[in-house]
Number of protein chains: 2
Amino acid sequence: MPEQETLWRRAAQERRATALAHPNIAFIKYWGNQDDEMVLPANPSLSMNLAAFTTVTTVAFDDTLPADTLTINQTEAGGDALARVGKILDLVRQASGLHSRARVESVSNVPMGAGIASSAAAFAALSLAASAAAGLPRDEAALSRLARRGSGSACRSVPGGFCRWDTGDDESSVAVSIAPAEHWALWDVVAVVSEAHKQVGSSGGHPLAATSDLHPARIAGAGRRVEVCQQAILARDLAAMGPVIEEDAVMMHAVMMTGRPPLYYWTPATMALILAVQQWREDGIPVYFTIDAGPNVHCICPAGAVEAVAARARRVPGVQRVITSGPGGPARLVPAA
Amino acid sequence: MPEQETLWRRAAQERRATALAHPNIAFIKYWGNQDDEMVLPANPSLSMNLAAFTTVTTVAFDDTLPADTLTINQTEAGGDALARVGKILDLVRQASGLHSRARVESVSNVPMGAGIASSAAAFAALSLAASAAAGLPRDEAALSRLARRGSGSACRSVPGGFCRWDTGDDESSVAVSIAPAEHWALWDVVAVVSEAHKQVGSSGGHPLAATSDLHPARIAGAGRRVEVCQQAILARDLAAMGPVIEEDAVMMHAVMMTGRPPLYYWTPATMALILAVQQWREDGIPVYFTIDAGPNVHCICPAGAVEAVAARARRVPGVQRVITSGPGGPARLVPAA
């Protein structure tokens with residue numbers, strides 16, 4: 001991407017950059033940390049960026065600003081959101097020697113309440129835009145590491161396509177692409193169900209992982225599941241990948257439901273979809289489910305099965321809408337809006 | 001029970017006995033064997049007999065019979081049912097030196113399709129009636145051991161009230177009562193839901209337990225959960241007992257859902273009830289759930305809460321009927337019908 005070099009150089013000159021990033025869906029889940037402060041995960045994970053959804057973030061450093069400012073979809077944001085953005089900006093200022101405050105403007109089309117973690121796209125875009133605007137060298141590992149500090153799974157939205165995030169220390173625990181988006185037209189058909197039950201956000205949930213007696217067993221097997229899933233992705237073999245992603249998703253929810261206190265994200269409609277996906281498979285449609293920290297069911301299938309899966313998902317009682325996406329590219333700089 | 005001695009002596013003289021037994025609901029579940037043939041369980045378990053349901057079985061040894069015969073609710077039974085009964089009769093013949101074949105008549109009011117394991121009551125009653133009719137000594141441990149060979153959880157229907165079944169070898173792995181039925185008026189309000197999904201019976205499921213990566217963790221913690229539950233029963237402390245029975249039930253289903261192949265017993269209505277029970281607790285009703293190898297939800301509550309729980313359970317979408325039971329006594333001989 002030669003124009004990325006050009007945009008990166010210009011950003012450093014202008015102390016201003018605009019970056020675009022996609023959210024991602026994890027096939028092998030991230031749940032629980034070895035180190036909550038440094039966001040070092042308890043287990044390796046594997047995901048796919050989602051092309052249909054984007055967050056575009058502009059960071060402009062400005063000596064005249066008394067404090068960092070943040071707008072999200074044209075609305076001024078403060079509190080926790082601004083504090084989390086400020087933490088990333090502080091790390092960038094620390095690395096670059098820059099002292100200016102920054103204006104951050106973020107625009108996202110990640111649907112709200114769809115259970116697609118918008119924070120992954122948000123922190124990937126922010127990390128890129130802020131690093132470029134501050135004149136830091138263009139270094140994917142450093143960007144993934146920085147995004148990780150904002151929200152763990154954001155590190156997987158920095159590289160493109162299918163990404164693997166390994167455990168390790170602050171230096172080594174970054175995501176890398178195992179295959180670009182063009183490698184495999186695998187789609188995510190998200191069945192959005194009513195959120196009938198109160199939820200705990202995933203940032204509040206991660207510290208609870210270790211309270212479940214099932215957590216060590218999930219962690220112990222995650223490396224094997226990542227390997228199986230990675231080989232299956234490289235071979236474009238959904239039949240090999242499917243059972244292990246379903247197993248991993250159920251394991252994560254089992255850890256949640258057996259924590260102290262327990263967390264229940266599944267609703268009746270979630271359960272209906274879990275059973276329906278298996279029925280669709282028996283009917284000959286190649287599709288497997290995964291479920292994030294929420295009630296919605298992500299139906300993973302080849303591009304050719306999207307219509308059949310979406311049509312069936314819409315008929316499952318409790319499904320409110322269906323949204324779809326294929327694999328997305330890496331976080332990248334874009335010309336200023 | 002002095003009349004038990006009398007009935008036992010008379011049975012030996014007449015080579016004929018009638019026994020009554022209750023099914024049981026497990027608070028800490030039995031799932032998976034160390035030894036499938038000897039039915040030695042992978043973990044200790046804890047249950048309560050259910051007074052409302054009974055199986056009454058008559059065994060009559062008769063030198064003129066060419067083969068064992070079996071009727072269940074006045075209907076002649078063969079095949080697998082007769083083979084399993086024959087196995088218990090063979091063990092009794094082996095222990096007693098008796099060679100006669102037997103006529104077995106069993107009558108049960110355990111509701112079909114309600115997810116209450118009728119085999120526990122059936123094998124407890126059969127073991128008692130056959131042992132008495134064969135003139136074996138009256139020995140609760142021997143009877144529990146024999147019932148275990150027919151169907152694991154049947155060993156817990158031999159002693160009365162609240163029963164604990166420990167792991168061990170053929171000699172030591174038997175159930176004992178930790179408190180009689182009169183100790184605590186704890187009730188089981190069974191919310192029977194439609195069986196929308198094809199099921200695998202628990203005898204087919206036990207060998208799958210070890211195929212789940214979560215199985216060792218469930219086993220490792222089962223002893224602790226049995227201890228917590230036993231102390232809570234002795235103290236009649238539902239608030240101490242409740243979280244551990246819910247945790248254990250979810251763990252068993254997590255093992256089922258992550259086996260190879262996975263077993264899904266939960267339906268949308270199951271999930272609705274899991275969430276509803278938590279809501280009822282927030283509303284001030286003392287109630288906790290457990291779920292056997294099926295979709296129905298057993299709501300465990302004190303006698304005083306049965307009406308409130310049953311009324312609410314009937315209003316949960318997908319619940320077809322509600323049946324209730326308090327704690328039941330031991331398997332026992334009864335006068336011939």
# chains A, B, ... in the order shown; residues from 1 in each chain; ligands from 1
$ select_by_dssp --residues "region 113-204 of chain B" --states "alpha helix (DSSP H)" --output "VMD selection string"
chain B and resid 118 to 133 140 to 150 202 to 204
$ write_last_selection --atoms "N, CA and C atoms" --output "PDB file, in the first residue's frame"
ATOM      1  N   SER B 118     -37.458 -42.045  35.292  1.00  0.00           N
ATOM      2  CA  SER B 118     -38.247 -43.133  35.865  1.00  0.00           C
ATOM      3  C   SER B 118     -37.389 -44.366  36.118  1.00  0.00           C
ATOM      4  N   SER B 119     -36.244 -44.457  35.426  1.00  0.00           N
ATOM      5  CA  SER B 119     -35.407 -45.647  35.596  1.00  0.00           C
ATOM      6  C   SER B 119     -34.841 -45.736  37.013  1.00  0.00           C
ATOM      7  N   ALA B 120     -34.653 -44.604  37.677  1.00  0.00           N
ATOM      8  CA  ALA B 120     -34.127 -44.650  39.046  1.00  0.00           C
ATOM      9  C   ALA B 120     -35.113 -45.361  39.964  1.00  0.00           C
ATOM     10  N   ALA B 121     -36.381 -44.943  39.898  1.00  0.00           N
ATOM     11  CA  ALA B 121     -37.399 -45.588  40.725  1.00  0.00           C
ATOM     12  C   ALA B 121     -37.571 -47.051  40.313  1.00  0.00           C
ATOM     13  N   ALA B 122     -37.538 -47.302  39.014  1.00  0.00           N
ATOM     14  CA  ALA B 122     -37.758 -48.658  38.509  1.00  0.00           C
ATOM     15  C   ALA B 122     -36.691 -49.625  39.017  1.00  0.00           C
ATOM     16  N   PHE B 123     -35.418 -49.231  38.926  1.00  0.00           N
ATOM     17  CA  PHE B 123     -34.365 -50.164  39.334  1.00  0.00           C
ATOM     18  C   PHE B 123     -34.223 -50.254  40.848  1.00  0.00           C
ATOM     19  N   ALA B 124     -34.592 -49.188  41.567  1.00  0.00           N
ATOM     20  CA  ALA B 124     -34.587 -49.284  43.031  1.00  0.00           C
ATOM     21  C   ALA B 124     -35.672 -50.263  43.485  1.00  0.00           C
ATOM     22  N   ALA B 125     -36.880 -50.126  42.934  1.00  0.00           N
ATOM     23  CA  ALA B 125     -37.982 -51.031  43.322  1.00  0.00           C
ATOM     24  C   ALA B 125     -37.673 -52.473  42.918  1.00  0.00           C
ATOM     25  N   LEU B 126     -37.138 -52.646  41.707  1.00  0.00           N
ATOM     26  CA  LEU B 126     -36.800 -53.990  41.223  1.00  0.00           C
ATOM     27  C   LEU B 126     -35.748 -54.649  42.116  1.00  0.00           C
ATOM     28  N   SER B 127     -34.721 -53.879  42.480  1.00  0.00           N
ATOM     29  CA  SER B 127     -33.642 -54.444  43.291  1.00  0.00           C
ATOM     30  C   SER B 127     -34.164 -54.920  44.640  1.00  0.00           C
ATOM     31  N   LEU B 128     -35.037 -54.104  45.243  1.00  0.00           N
ATOM     32  CA  LEU B 128     -35.599 -54.468  46.539  1.00  0.00           C
ATOM     33  C   LEU B 128     -36.489 -55.703  46.422  1.00  0.00           C
ATOM     34  N   ALA B 129     -37.414 -55.663  45.470  1.00  0.00           N
ATOM     35  CA  ALA B 129     -38.377 -56.766  45.344  1.00  0.00           C
ATOM     36  C   ALA B 129     -37.659 -58.067  45.011  1.00  0.00           C
ATOM     37  N   ALA B 130     -36.689 -58.002  44.087  1.00  0.00           N
ATOM     38  CA  ALA B 130     -35.988 -59.224  43.679  1.00  0.00           C
ATOM     39  C   ALA B 130     -35.137 -59.781  44.813  1.00  0.00           C
ATOM     40  N   SER B 131     -34.448 -58.887  45.533  1.00  0.00           N
ATOM     41  CA  SER B 131     -33.580 -59.350  46.627  1.00  0.00           C
ATOM     42  C   SER B 131     -34.399 -59.995  47.737  1.00  0.00           C
ATOM     43  N   ALA B 132     -35.535 -59.352  48.060  1.00  0.00           N
ATOM     44  CA  ALA B 132     -36.390 -59.896  49.121  1.00  0.00           C
ATOM     45  C   ALA B 132     -36.977 -61.238  48.693  1.00  0.00           C
ATOM     46  N   ALA B 133     -37.465 -61.278  47.451  1.00  0.00           N
ATOM     47  CA  ALA B 133     -38.090 -62.515  46.967  1.00  0.00           C
ATOM     48  C   ALA B 133     -37.086 -63.655  46.890  1.00  0.00           C
ATOM     49  N   GLU B 140     -29.129 -52.333  53.121  1.00  0.00           N
ATOM     50  CA  GLU B 140     -29.341 -51.161  52.273  1.00  0.00           C
ATOM     51  C   GLU B 140     -28.200 -50.925  51.289  1.00  0.00           C
ATOM     52  N   ALA B 141     -26.960 -51.120  51.774  1.00  0.00           N
ATOM     53  CA  ALA B 141     -25.810 -50.886  50.885  1.00  0.00           C
ATOM     54  C   ALA B 141     -25.831 -51.862  49.713  1.00  0.00           C
ATOM     55  N   ALA B 142     -26.140 -53.129  50.000  1.00  0.00           N
ATOM     56  CA  ALA B 142     -26.189 -54.128  48.928  1.00  0.00           C
ATOM     57  C   ALA B 142     -27.289 -53.799  47.928  1.00  0.00           C
ATOM     58  N   LEU B 143     -28.420 -53.289  48.427  1.00  0.00           N
ATOM     59  CA  LEU B 143     -29.536 -52.941  47.543  1.00  0.00           C
ATOM     60  C   LEU B 143     -29.197 -51.734  46.670  1.00  0.00           C
ATOM     61  N   SER B 144     -28.535 -50.756  47.281  1.00  0.00           N
ATOM     62  CA  SER B 144     -28.139 -49.564  46.531  1.00  0.00           C
ATOM     63  C   SER B 144     -27.132 -49.943  45.441  1.00  0.00           C
ATOM     64  N   ARG B 145     -26.197 -50.817  45.789  1.00  0.00           N
ATOM     65  CA  ARG B 145     -25.181 -51.305  44.848  1.00  0.00           C
ATOM     66  C   ARG B 145     -25.846 -52.019  43.664  1.00  0.00           C
ATOM     67  N   LEU B 146     -26.826 -52.848  43.986  1.00  0.00           N
ATOM     68  CA  LEU B 146     -27.524 -53.602  42.947  1.00  0.00           C
ATOM     69  C   LEU B 146     -28.300 -52.655  42.020  1.00  0.00           C
ATOM     70  N   ALA B 147     -29.007 -51.696  42.622  1.00  0.00           N
ATOM     71  CA  ALA B 147     -29.784 -50.739  41.831  1.00  0.00           C
ATOM     72  C   ALA B 147     -28.858 -49.939  40.910  1.00  0.00           C
ATOM     73  N   ARG B 148     -27.664 -49.604  41.401  1.00  0.00           N
ATOM     74  CA  ARG B 148     -26.681 -48.848  40.627  1.00  0.00           C
ATOM     75  C   ARG B 148     -26.342 -49.558  39.328  1.00  0.00           C
ATOM     76  N   ARG B 149     -26.252 -50.902  39.409  1.00  0.00           N
ATOM     77  CA  ARG B 149     -25.899 -51.668  38.217  1.00  0.00           C
ATOM     78  C   ARG B 149     -26.986 -51.577  37.144  1.00  0.00           C
ATOM     79  N   GLY B 150     -28.221 -51.337  37.587  1.00  0.00           N
ATOM     80  CA  GLY B 150     -29.314 -51.209  36.625  1.00  0.00           C
ATOM     81  C   GLY B 150     -29.331 -49.847  35.959  1.00  0.00           C
ATOM     82  N   SER B 202     -29.850 -40.547  28.628  1.00  0.00           N
ATOM     83  CA  SER B 202     -28.675 -40.361  29.465  1.00  0.00           C
ATOM     84  C   SER B 202     -27.767 -41.587  29.446  1.00  0.00           C
ATOM     85  N   SER B 203     -28.329 -42.772  29.192  1.00  0.00           N
ATOM     86  CA  SER B 203     -27.425 -43.923  29.120  1.00  0.00           C
ATOM     87  C   SER B 203     -26.512 -43.802  27.907  1.00  0.00           C
ATOM     88  N   GLY B 204     -27.002 -43.214  26.823  1.00  0.00           N
ATOM     89  CA  GLY B 204     -26.167 -42.957  25.658  1.00  0.00           C
ATOM     90  C   GLY B 204     -25.239 -41.775  25.873  1.00  0.00           C
TER      91      GLY B 204
END
$ interface_residues --of "chain B" --to "chain A" --cutoff "6 Å" --atoms "only C-alpha atoms" --output "PDB file with N, CA, C and O atoms, in the first residue's frame"
ATOM      1  N   LEU B 214     -14.174 -29.851  29.094  1.00  0.00           N
ATOM      2  CA  LEU B 214     -14.599 -29.281  30.379  1.00  0.00           C
ATOM      3  C   LEU B 214     -14.867 -30.359  31.434  1.00  0.00           C
ATOM      4  O   LEU B 214     -15.009 -30.052  32.620  1.00  0.00           O
ATOM      5  N   ALA B 217     -12.633 -30.598  34.653  1.00  0.00           N
ATOM      6  CA  ALA B 217     -12.846 -29.485  35.591  1.00  0.00           C
ATOM      7  C   ALA B 217     -14.153 -29.673  36.370  1.00  0.00           C
ATOM      8  O   ALA B 217     -14.214 -29.368  37.568  1.00  0.00           O
ATOM      9  N   GLU B 247     -24.841 -23.767  39.490  1.00  0.00           N
ATOM     10  CA  GLU B 247     -23.515 -23.895  38.886  1.00  0.00           C
ATOM     11  C   GLU B 247     -23.298 -25.312  38.381  1.00  0.00           C
ATOM     12  O   GLU B 247     -22.821 -25.537  37.264  1.00  0.00           O
ATOM     13  N   ALA B 254     -22.830 -27.722  30.072  1.00  0.00           N
ATOM     14  CA  ALA B 254     -21.677 -27.224  29.317  1.00  0.00           C
ATOM     15  C   ALA B 254     -20.823 -28.401  28.836  1.00  0.00           C
ATOM     16  O   ALA B 254     -20.325 -28.399  27.703  1.00  0.00           O
ATOM     17  N   THR B 258     -20.287 -29.287  24.822  1.00  0.00           N
ATOM     18  CA  THR B 258     -18.929 -29.203  24.282  1.00  0.00           C
ATOM     19  C   THR B 258     -18.323 -30.583  24.057  1.00  0.00           C
ATOM     20  O   THR B 258     -17.120 -30.702  23.822  1.00  0.00           O
ATOM     21  N   PRO B 268     -35.357 -23.044  23.741  1.00  0.00           N
ATOM     22  CA  PRO B 268     -35.662 -21.650  24.090  1.00  0.00           C
ATOM     23  C   PRO B 268     -36.436 -21.539  25.402  1.00  0.00           C
ATOM     24  O   PRO B 268     -36.165 -20.638  26.205  1.00  0.00           O
ATOM     25  N   MET B 271     -34.166 -21.852  28.375  1.00  0.00           N
ATOM     26  CA  MET B 271     -33.417 -20.613  28.606  1.00  0.00           C
ATOM     27  C   MET B 271     -34.317 -19.552  29.236  1.00  0.00           C
ATOM     28  O   MET B 271     -33.892 -18.821  30.140  1.00  0.00           O
ATOM     29  N   ALA B 272     -35.574 -19.493  28.784  1.00  0.00           N
ATOM     30  CA  ALA B 272     -36.517 -18.532  29.370  1.00  0.00           C
ATOM     31  C   ALA B 272     -36.686 -18.805  30.867  1.00  0.00           C
ATOM     32  O   ALA B 272     -36.732 -17.877  31.683  1.00  0.00           O
TER      33      ALA B 272
END
$ residues_around --residues "region 178-189 of chain A" --least-positions-apart "2" --cutoff "6 Å" --atoms "only C-alpha atoms" --output "ChimeraX atom specification"
/A:160-163,298-303,323-329
$ write_last_selection --atoms "N, CA and C atoms" --output "mmCIF file, in the first residue's frame"
data_model
loop_
_atom_site.group_PDB
_atom_site.id
_atom_site.type_symbol
_atom_site.label_atom_id
_atom_site.label_comp_id
_atom_site.auth_asym_id
_atom_site.auth_seq_id
_atom_site.Cartn_x
_atom_site.Cartn_y
_atom_site.Cartn_z
ATOM 1 N N GLY A 160 -4.959 -7.039 8.646
ATOM 2 C CA GLY A 160 -6.103 -7.267 7.768
ATOM 3 C C GLY A 160 -6.593 -8.708 7.740
ATOM 4 N N GLY A 161 -7.852 -8.868 7.356
ATOM 5 C CA GLY A 161 -8.418 -10.181 7.083
ATOM 6 C C GLY A 161 -8.603 -11.030 8.314
ATOM 7 N N PHE A 162 -7.877 -12.161 8.351
ATOM 8 C CA PHE A 162 -7.996 -13.148 9.421
ATOM 9 C C PHE A 162 -6.799 -12.961 10.351
ATOM 10 N N CYS A 163 -7.051 -12.686 11.621
ATOM 11 C CA CYS A 163 -5.977 -12.262 12.519
ATOM 12 C C CYS A 163 -5.890 -13.127 13.764
ATOM 13 N N HIS A 298 -23.964 -15.148 15.613
ATOM 14 C CA HIS A 298 -23.248 -14.918 14.372
ATOM 15 C C HIS A 298 -23.204 -16.235 13.613
ATOM 16 N N CYS A 299 -23.841 -16.254 12.455
ATOM 17 C CA CYS A 299 -23.871 -17.458 11.634
ATOM 18 C C CYS A 299 -22.769 -17.332 10.586
ATOM 19 N N ILE A 300 -21.794 -18.210 10.651
ATOM 20 C CA ILE A 300 -20.616 -18.123 9.787
ATOM 21 C C ILE A 300 -20.804 -19.098 8.622
ATOM 22 N N CYS A 301 -20.726 -18.559 7.400
ATOM 23 C CA CYS A 301 -21.001 -19.390 6.222
ATOM 24 C C CYS A 301 -20.269 -18.834 5.008
ATOM 25 N N PRO A 302 -20.130 -19.636 3.956
ATOM 26 C CA PRO A 302 -19.528 -19.114 2.731
ATOM 27 C C PRO A 302 -20.463 -18.106 2.067
ATOM 28 N N ALA A 303 -19.894 -17.230 1.232
ATOM 29 C CA ALA A 303 -20.681 -16.186 0.574
ATOM 30 C C ALA A 303 -21.925 -16.766 -0.089
ATOM 31 N N ILE A 323 -27.998 -8.747 9.869
ATOM 32 C CA ILE A 323 -27.033 -7.930 9.145
ATOM 33 C C ILE A 323 -25.870 -8.821 8.742
ATOM 34 N N THR A 324 -25.241 -8.495 7.635
ATOM 35 C CA THR A 324 -24.239 -9.410 7.071
ATOM 36 C C THR A 324 -22.955 -8.675 6.727
ATOM 37 N N SER A 325 -21.865 -9.421 6.753
ATOM 38 C CA SER A 325 -20.584 -8.844 6.340
ATOM 39 C C SER A 325 -19.620 -9.929 5.899
ATOM 40 N N GLY A 326 -18.818 -9.600 4.905
ATOM 41 C CA GLY A 326 -17.695 -10.426 4.507
ATOM 42 C C GLY A 326 -16.433 -9.955 5.209
ATOM 43 N N PRO A 327 -15.289 -10.554 4.871
ATOM 44 C CA PRO A 327 -14.026 -10.226 5.533
ATOM 45 C C PRO A 327 -13.519 -8.831 5.163
ATOM 46 N N GLY A 328 -12.949 -8.156 6.141
ATOM 47 C CA GLY A 328 -12.470 -6.791 5.941
ATOM 48 C C GLY A 328 -10.960 -6.685 5.980
ATOM 49 N N GLY A 329 -10.445 -5.600 5.431
ATOM 50 C CA GLY A 329 -9.008 -5.349 5.374
ATOM 51 C C GLY A 329 -8.464 -4.774 6.672
#
$ closest_residue --among "A:Val192, A:Ala134, A:Ala117, A:Ala209" --to "Leu89 (chain A)" --atoms "only C-alpha atoms"
A:Ala134
